[in-house]
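Structure, as structure tokens:
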There are 2 protein chains.
Amino acid sequence: MGPEEFRAAGHELIDWIADYRARIPELPVQAQTKPGEVAGKLPRNAPEEAEPFSRLLADLESIVVPGVTQVQHPRYFGWFPANSTLSSALGDLASAGIGALGITWQSAPALTEVEEVVVEWLRELTGLPGSWKGVIQDTASTACLVALLVARERATDYSEVRGGLQAESAPLTVYTTEHAHSSVVKAVALAGFGRDNLRLVGVDPVTYAMRPDELAKVLEEDIKAGHRPAAVVVSVGTTGTTAVDPLAEIVPLAQQYGMWVHIDAAMAGSALLLPEMRWLIDGIEGADSLNWNPHKWLGTLGDCSLLYVADPAYLIRVMSTNPSYLRSAVDGEVTQYRDWGIPLGRRFRALKLWFQLRLDGVEAIRARLRRDLDNARWLAGQVEAAPGWRVLAPVVLQTVVLRHEPAGLDADGLNAHTLAWTDAVNTSGAALVTPTLLDGVWSVRVSIGAENTERSDVEHLWRLLQHAAEAAEAG
Amino acid sequence: MGPEEFRAAGHELIDWIADYRARIPELPVQAQTKPGEVAGKLPRNAPEEAEPFSRLLADLESIVVPGVTQVQHPRYFGWFPANSTLSSALGDLASAGIGALGITWQSAPALTEVEEVVVEWLRELTGLPGSWKGVIQDTASTACLVALLVARERATDYSEVRGGLQAESAPLTVYTTEHAHSSVVKAVALAGFGRDNLRLVGVDPVTYAMRPDELAKVLEEDIKAGHRPAAVVVSVGTTGTTAVDPLAEIVPLAQQYGMWVHIDAAMAGSALLLPEMRWLIDGIEGADSLNWNPHKWLGTLGDCSLLYVADPAYLIRVMSTNPSYLRSAVDGEVTQYRDWGIPLGRRFRALKLWFQLRLDGVEAIRARLRRDLDNARWLAGQVEAAPGWRVLAPVVLQTVVLRHEPAGLDADGLNAHTLAWTDAVNTSGAALVTPTLLDGVWSVRVSIGAENTERSDVEHLWRLLQHAAEAAEAG
């Protein structure tokens, strides 16, 4: 496709996107698609001949859009916010148009240096220590794996260049809680530690946060048993309830044993743009790495996950490669981001962050985040005041975990009731919330923070929840 | 940013991209940027207030474009092709506009099912076995790591759920050659095998391909020493010389020891669209996984890397997670791509492949690939016929490795000469080629295959190389 065909099709697509975004509030939130329905509408083979652009636009409209849960919808309250701001989409389009190759500084100096500048902007905006350095990863899953790989290698004096993990004698152990994200357990497995060496430290029954006294106890037992504590993954804002592990109390314990402290703030990181929320990471000065996802609440188009480290030398020592065809005369003077993560090649992701911050401005972003925190507090107040309803965890961020508990239901009955009314809400298409197990019982997460969610949408949701629960109760 | 502001800015950006693409031939190929130059032009802090779009466009023009090596340039012959077709850029823009959340089938059924269909289109187009299944990864580096993690776990009967790699007694070993991509060595290190357990099998001195007799010998020695061969990484098209390891002879050896066979065809995979090139993967029926990058020669906007596996059950067993908040009623009936790789969340990458194949058509893509193969054969013929010039490796694909060897130079003199004239070509901005070490001596890779590279551009390059080498020789 040449530039002029692209120009014509591009204008059509821009209009299509603008129209689509404007009519999202009229669409069902949850996709009403059955398994195999989308695939069944597509041809079995790729076309030998070029197709006209109009046919692709028609398929976007009739196949793709109905097949997508509308997470940009103002009544999307599921999982976590997954905002894809249009300002960041423009940055992403610029990245596509330029088509840079990000494999070495020399292949695209601006790709590296815009990333350096933008991650530094966000370091400053989130109040992370001035000496920390950042890099964009795809997701928190990868960032956590990277952190644990580096922790593993630091703890073994870089066994990768010798016999690897399999040649180590005393087992390395990793610490987190059962409320940590599933990707933490996965990262422990992939890094080769083994689940036997993952310790799920006890949590406070009210806040669901890690108990430092429990951590101290488990560490002592492990040391006695000849294990080597290698890393602790601290959740700042868990997925289930946005619980905040007490970093300031965990760090001294970790330092005592030379452990790597990785902070998983995938969701909560956006809140750090608000000075009044910086308490979330009190104690960070003694930690080693922190990761958060601008592609969640902040609203940078995915995938865009920020990994900050106190000292990139650890990353580089584990991740660096230096084949002859990637060398250049300026290697000592520049950042080679290929040595800061798993992939060699990287997309020009910094442009979408750069565009978003400049086109929206930080003040407006902060106002939106504060709006969402207010809305969550408002909803929690309503739920607490309503007979038969309960808020199940402290509302630290923008997520409210709640349950409708009609009198006279046993545990199974309560579970069935919860799943029935949330399913009614979700399948109606009017709003989306996420059921989750908390202390083994089904509860409901209402995660506020879609870009266009206003107070009136939260009020609307609260009416929907009450009606659905009452209808389910009435049978 | 609302839909109407997006519409206005989007139209401006589409025009900017079309204009930019049209004038790429006039730009220097290699960025003329000095370290720190781009960063020095950017403000130290993020803007509190929103900026007008015109200012971003101006910065794209004056800061970003001059700071990027123009890999879409018709005289870009560096590293490997990194084509970002405008058809795939439109698909990527559609993905950004829709802003889907790819964490579970339910969050975006179309994201999963378009991916299933498109990777099946490409399986068929490349002649991979009909039972193999595909998934999009970001890069070949990640895909190789994923394959080696799965190989590790299969070889240890899934140690991840017990003591992990660190509890295994006899060391697992991995096999490849010194010509394998740097990401293979990195993946071995990250997967915890340890470099002591990586075997670099001897290669043929003319083709640079793995010698099966050498592999057999090393395997026997390792078995005798009590090691456990876990995986062999077969390069189909190495980065240095596009050497092709003989898969059909390697597979029976691997099967004898129950090893995982991973095929790294990052570059060569595109060639499989041509039936006459399918010999590259003769023997694949007995292998376990193959990875190639549509974001290279094929021209899908990065990042887009295809990982095919003979049996996804191995992937899923190692990678799956199932937290309560991601469960749904249809889980048994659908593909959950989060269990096919490291990240939980995925971008709607399939759209860019889907758009490219439909808007360009397969026939036109095949014609372009054949054009590039022809051009490489033509250049090799010219080089071989020119006094003082040598082609250093078989031209299997679209890359020609060459050297100008004036009489009377010792080894150091020859290296200095090669680096001098390639540097002259590259810094001139007229074309870009990549110096590489081959058998410890600097040589030059000319990798043909930018989307707009025609025979006249290759002729132009050949004149440039001759002039530069003659000028360097003359001093």
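Labels for the structure tokens follow display order: chains A, B, ..., residues from 1 in each chain, ligands from 1.
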From a DSSP calculation on the backbone, collect every residue of range 278-321 of chain B in helix (DSSP H, G or I) and output the set as an mmCIF file with C-alpha atoms, in the first residue's frame.
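So the final result, stored in part-v7.cif, reads:
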data_model
loop_
_atom_site.group_PDB
_atom_site.id
_atom_site.type_symbol
_atom_site.label_atom_id
_atom_site.label_comp_id
_atom_site.auth_asym_id
_atom_site.auth_seq_id
_atom_site.Cartn_x
_atom_site.Cartn_y
_atom_site.Cartn_z
ATOM 1 C CA ARG B 278 9.707 -24.789 1.829
ATOM 2 C CA TRP B 279 12.810 -27.013 1.749
ATOM 3 C CA LEU B 280 14.085 -24.734 4.512
ATOM 4 C CA ILE B 281 11.930 -26.630 7.013
ATOM 5 C CA ILE B 284 9.500 -30.142 10.626
ATOM 6 C CA GLU B 285 6.965 -32.896 11.310
ATOM 7 C CA GLY B 286 9.167 -34.178 14.134
ATOM 8 C CA PRO B 312 -0.178 -26.292 22.802
ATOM 9 C CA ALA B 313 -0.896 -28.502 25.827
ATOM 10 C CA TYR B 314 2.786 -28.229 26.781
ATOM 11 C CA LEU B 315 2.627 -24.434 26.643
ATOM 12 C CA ILE B 316 -0.567 -24.271 28.624
ATOM 13 C CA ARG B 317 0.642 -26.642 31.309
ATOM 14 C CA VAL B 318 3.637 -24.409 32.010
ATOM 15 C CA MET B 319 2.047 -20.991 31.485
#
query: Which polymer residues have any atom within 12 Å of an atom of Val441 in chain A, counting only C-alpha atoms, with same-chain residues fewer than 3 positions away left out, as a ChimeraX atom specification?
result: /A:392,402-403,405,410-419,435-438,444 /B:324
Can you write just those residues out, C-alpha atoms, as a compact mmCIF listing (two decimals), in the first residue's frame?
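So part.txt came out as:
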# COMPACT_ATOMS: atom_id res chain seq x y z
CA LEU A 392 -15.79 -6.21 52.17
CA LEU A 402 -19.04 -5.57 47.89
CA ARG A 403 -21.67 -8.17 48.44
CA GLU A 405 -26.19 -10.61 51.71
CA ASP A 410 -26.15 -20.46 53.65
CA ALA A 411 -22.68 -20.25 52.04
CA ASP A 412 -23.72 -22.04 48.84
CA GLY A 413 -26.88 -20.05 48.58
CA LEU A 414 -25.00 -16.79 49.00
CA ASN A 415 -22.54 -17.77 46.28
CA ALA A 416 -25.36 -18.72 43.93
CA HIS A 417 -27.13 -15.44 44.67
CA THR A 418 -24.01 -13.36 44.02
CA LEU A 419 -23.19 -15.09 40.76
CA PRO A 435 -17.08 -11.51 40.52
CA THR A 436 -14.09 -12.63 42.56
CA LEU A 437 -13.43 -15.07 45.38
CA LEU A 438 -12.57 -13.37 48.68
CA VAL A 444 -18.12 -8.46 43.50
CA SER B 324 -11.18 -16.36 40.11
message: From a backbone DSSP assignment, name each residue in range 174-271 of chain A labelled strand (DSSP E), as a list in words.
response: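 Result set for range 174-271 of chain A (strand (DSSP E)): Val174, Tyr175, Thr176, Leu198, Arg199, Leu200, Arg228, Pro229, Ala230, Ala231, Val232, Val233, Val234, Ser235, Trp260, Val261, His262, Ile263 and Asp264 of chain A.
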- request: Select, from B:Asp360, B:Asp331, B:Glu470, B:Asp222, the residue with the minimum atom-to-atom distance to chain A, counting only C-alpha atoms.
  value: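 Checking each candidate against chain A, we get B:Asp360 as the closest.
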- request: Excluding Val458 in chain B and residues on its chain fewer than 5 positions from it, collect all residues at most 12 Å away from it, counting only C-alpha atoms, and give them as a VMD selection string.
  value: chain B and resid 74 to 77 371 to 380 382 to 383 398 to 400 430 to 433 446 to 450 452 to 453 463 to 465
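By only C-alpha atoms, and with residues fewer than 2 positions from Thr176 in chain A along its chain excluded, the set lying at most 9 Å from it is Val174, Glu178, His179, Ala180, Val184, Val185, Leu198, Arg199, Leu200, Val201, Gly202, Met210, Leu215, Ala231, Val232, Val233, Val234 and Ser235 of chain A.
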File dump, residues just selected, C-alpha atoms, as a PDB file, in the first residue's frame:
ATOM      1  CA  VAL A 174      10.552 -16.028  47.269  1.00  0.00           C
ATOM      2  CA  GLU A 178      -1.956 -15.239  48.381  1.00  0.00           C
ATOM      3  CA  HIS A 179      -3.436 -11.918  47.250  1.00  0.00           C
ATOM      4  CA  ALA A 180      -0.547 -11.197  44.904  1.00  0.00           C
ATOM      5  CA  VAL A 184       3.703 -13.417  40.462  1.00  0.00           C
ATOM      6  CA  VAL A 185       3.145 -17.139  40.985  1.00  0.00           C
ATOM      7  CA  LEU A 198       7.326 -19.713  47.119  1.00  0.00           C
ATOM      8  CA  ARG A 199       6.087 -18.584  50.525  1.00  0.00           C
ATOM      9  CA  LEU A 200       2.599 -17.119  50.786  1.00  0.00           C
ATOM     10  CA  VAL A 201       2.971 -14.967  53.876  1.00  0.00           C
ATOM     11  CA  GLY A 202      -0.102 -14.492  56.077  1.00  0.00           C
ATOM     12  CA  MET A 210       0.991  -8.815  54.231  1.00  0.00           C
ATOM     13  CA  LEU A 215       7.122 -12.470  57.100  1.00  0.00           C
ATOM     14  CA  ALA A 231      13.153 -11.835  46.794  1.00  0.00           C
ATOM     15  CA  VAL A 232       9.939 -10.465  48.201  1.00  0.00           C
ATOM     16  CA  VAL A 233       7.159  -9.244  45.911  1.00  0.00           C
ATOM     17  CA  VAL A 234       5.260  -6.456  47.650  1.00  0.00           C
ATOM     18  CA  SER A 235       1.767  -5.784  46.306  1.00  0.00           C
TER      19      SER A 235
END
query: Which residues, written as a PyMOL selection string, have at least one atom at most 9 Å from Leu56 in chain B, with only C-alpha atoms counted and residues fewer than 3 positions away on the same chain left out?
result: (chain A and resi 355+358-359) or (chain B and resi 51-53+59-61)
Would you put the residues from that selection into a file with N, CA and C atoms, as a PDB file, in the first residue's frame?
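Okay, this is what ended up in out.pdb:
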ATOM      1  N   PHE A 355       2.752  11.590  23.798  1.00  0.00           N
ATOM      2  CA  PHE A 355       1.582  12.266  23.230  1.00  0.00           C
ATOM      3  C   PHE A 355       0.508  12.469  24.303  1.00  0.00           C
ATOM      4  N   ARG A 358       1.352  15.216  26.813  1.00  0.00           N
ATOM      5  CA  ARG A 358       1.383  16.559  26.228  1.00  0.00           C
ATOM      6  C   ARG A 358       0.008  16.999  25.741  1.00  0.00           C
ATOM      7  N   LEU A 359      -0.760  16.077  25.171  1.00  0.00           N
ATOM      8  CA  LEU A 359      -2.059  16.476  24.616  1.00  0.00           C
ATOM      9  C   LEU A 359      -3.131  16.615  25.701  1.00  0.00           C
TER      10      LEU A 359
ATOM     11  N   GLU B  51      -1.060  20.683  25.484  1.00  0.00           N
ATOM     12  CA  GLU B  51      -0.424  21.406  24.391  1.00  0.00           C
ATOM     13  C   GLU B  51      -1.233  21.230  23.110  1.00  0.00           C
ATOM     14  N   PRO B  52      -1.144  22.191  22.202  1.00  0.00           N
ATOM     15  CA  PRO B  52      -1.844  22.027  20.923  1.00  0.00           C
ATOM     16  C   PRO B  52      -1.176  20.950  20.071  1.00  0.00           C
ATOM     17  N   PHE B  53      -1.973  20.270  19.233  1.00  0.00           N
ATOM     18  CA  PHE B  53      -1.446  19.174  18.431  1.00  0.00           C
ATOM     19  C   PHE B  53      -0.363  19.641  17.463  1.00  0.00           C
ATOM     20  N   ASP B  59       7.327  18.728  16.568  1.00  0.00           N
ATOM     21  CA  ASP B  59       8.406  17.977  17.217  1.00  0.00           C
ATOM     22  C   ASP B  59       8.682  16.652  16.518  1.00  0.00           C
ATOM     23  N   LEU B  60       7.616  16.013  16.016  1.00  0.00           N
ATOM     24  CA  LEU B  60       7.824  14.784  15.233  1.00  0.00           C
ATOM     25  C   LEU B  60       8.761  15.091  14.074  1.00  0.00           C
ATOM     26  N   GLU B  61       8.453  16.181  13.409  1.00  0.00           N
ATOM     27  CA  GLU B  61       9.183  16.594  12.212  1.00  0.00           C
ATOM     28  C   GLU B  61      10.635  16.972  12.523  1.00  0.00           C
TER      29      GLU B  61
END
message: as a PyMOL selection string, please: the residues near Ala216 in chain B (cut-off 12 Å, only C-alpha atoms, same-chain neighbours under 2 positions excluded).
response: chain B and resi 175+199+201-202+210-214+218-223+229+232+249-257
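Coordinates place CA of Leu353 in chain A at a distance of 20.0 Å from CA of Glu37 in chain B.
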field: Atomic separation - CA of Gly440 in chain B relative to CA of Pro394 in chain B, Å
entry: 17.8 Å
- request: For range 154-165 of chain B, list every protein, DNA or RNA residue within 8 Å, evaluated using only C-alpha atoms, and leave out those in the same chain fewer than 4 positions away; present the list as a list in words.
  value: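 Near range 154-165 of chain B, the qualifying residues are Leu165, Gln166, Ala189, Leu190, Gly192, Phe193, Gly194, Arg195, Asp196 and Asn197 of chain A; Val150, Leu172, Gly192, Ala230, Met259, Tyr314 and Val318 of chain B.
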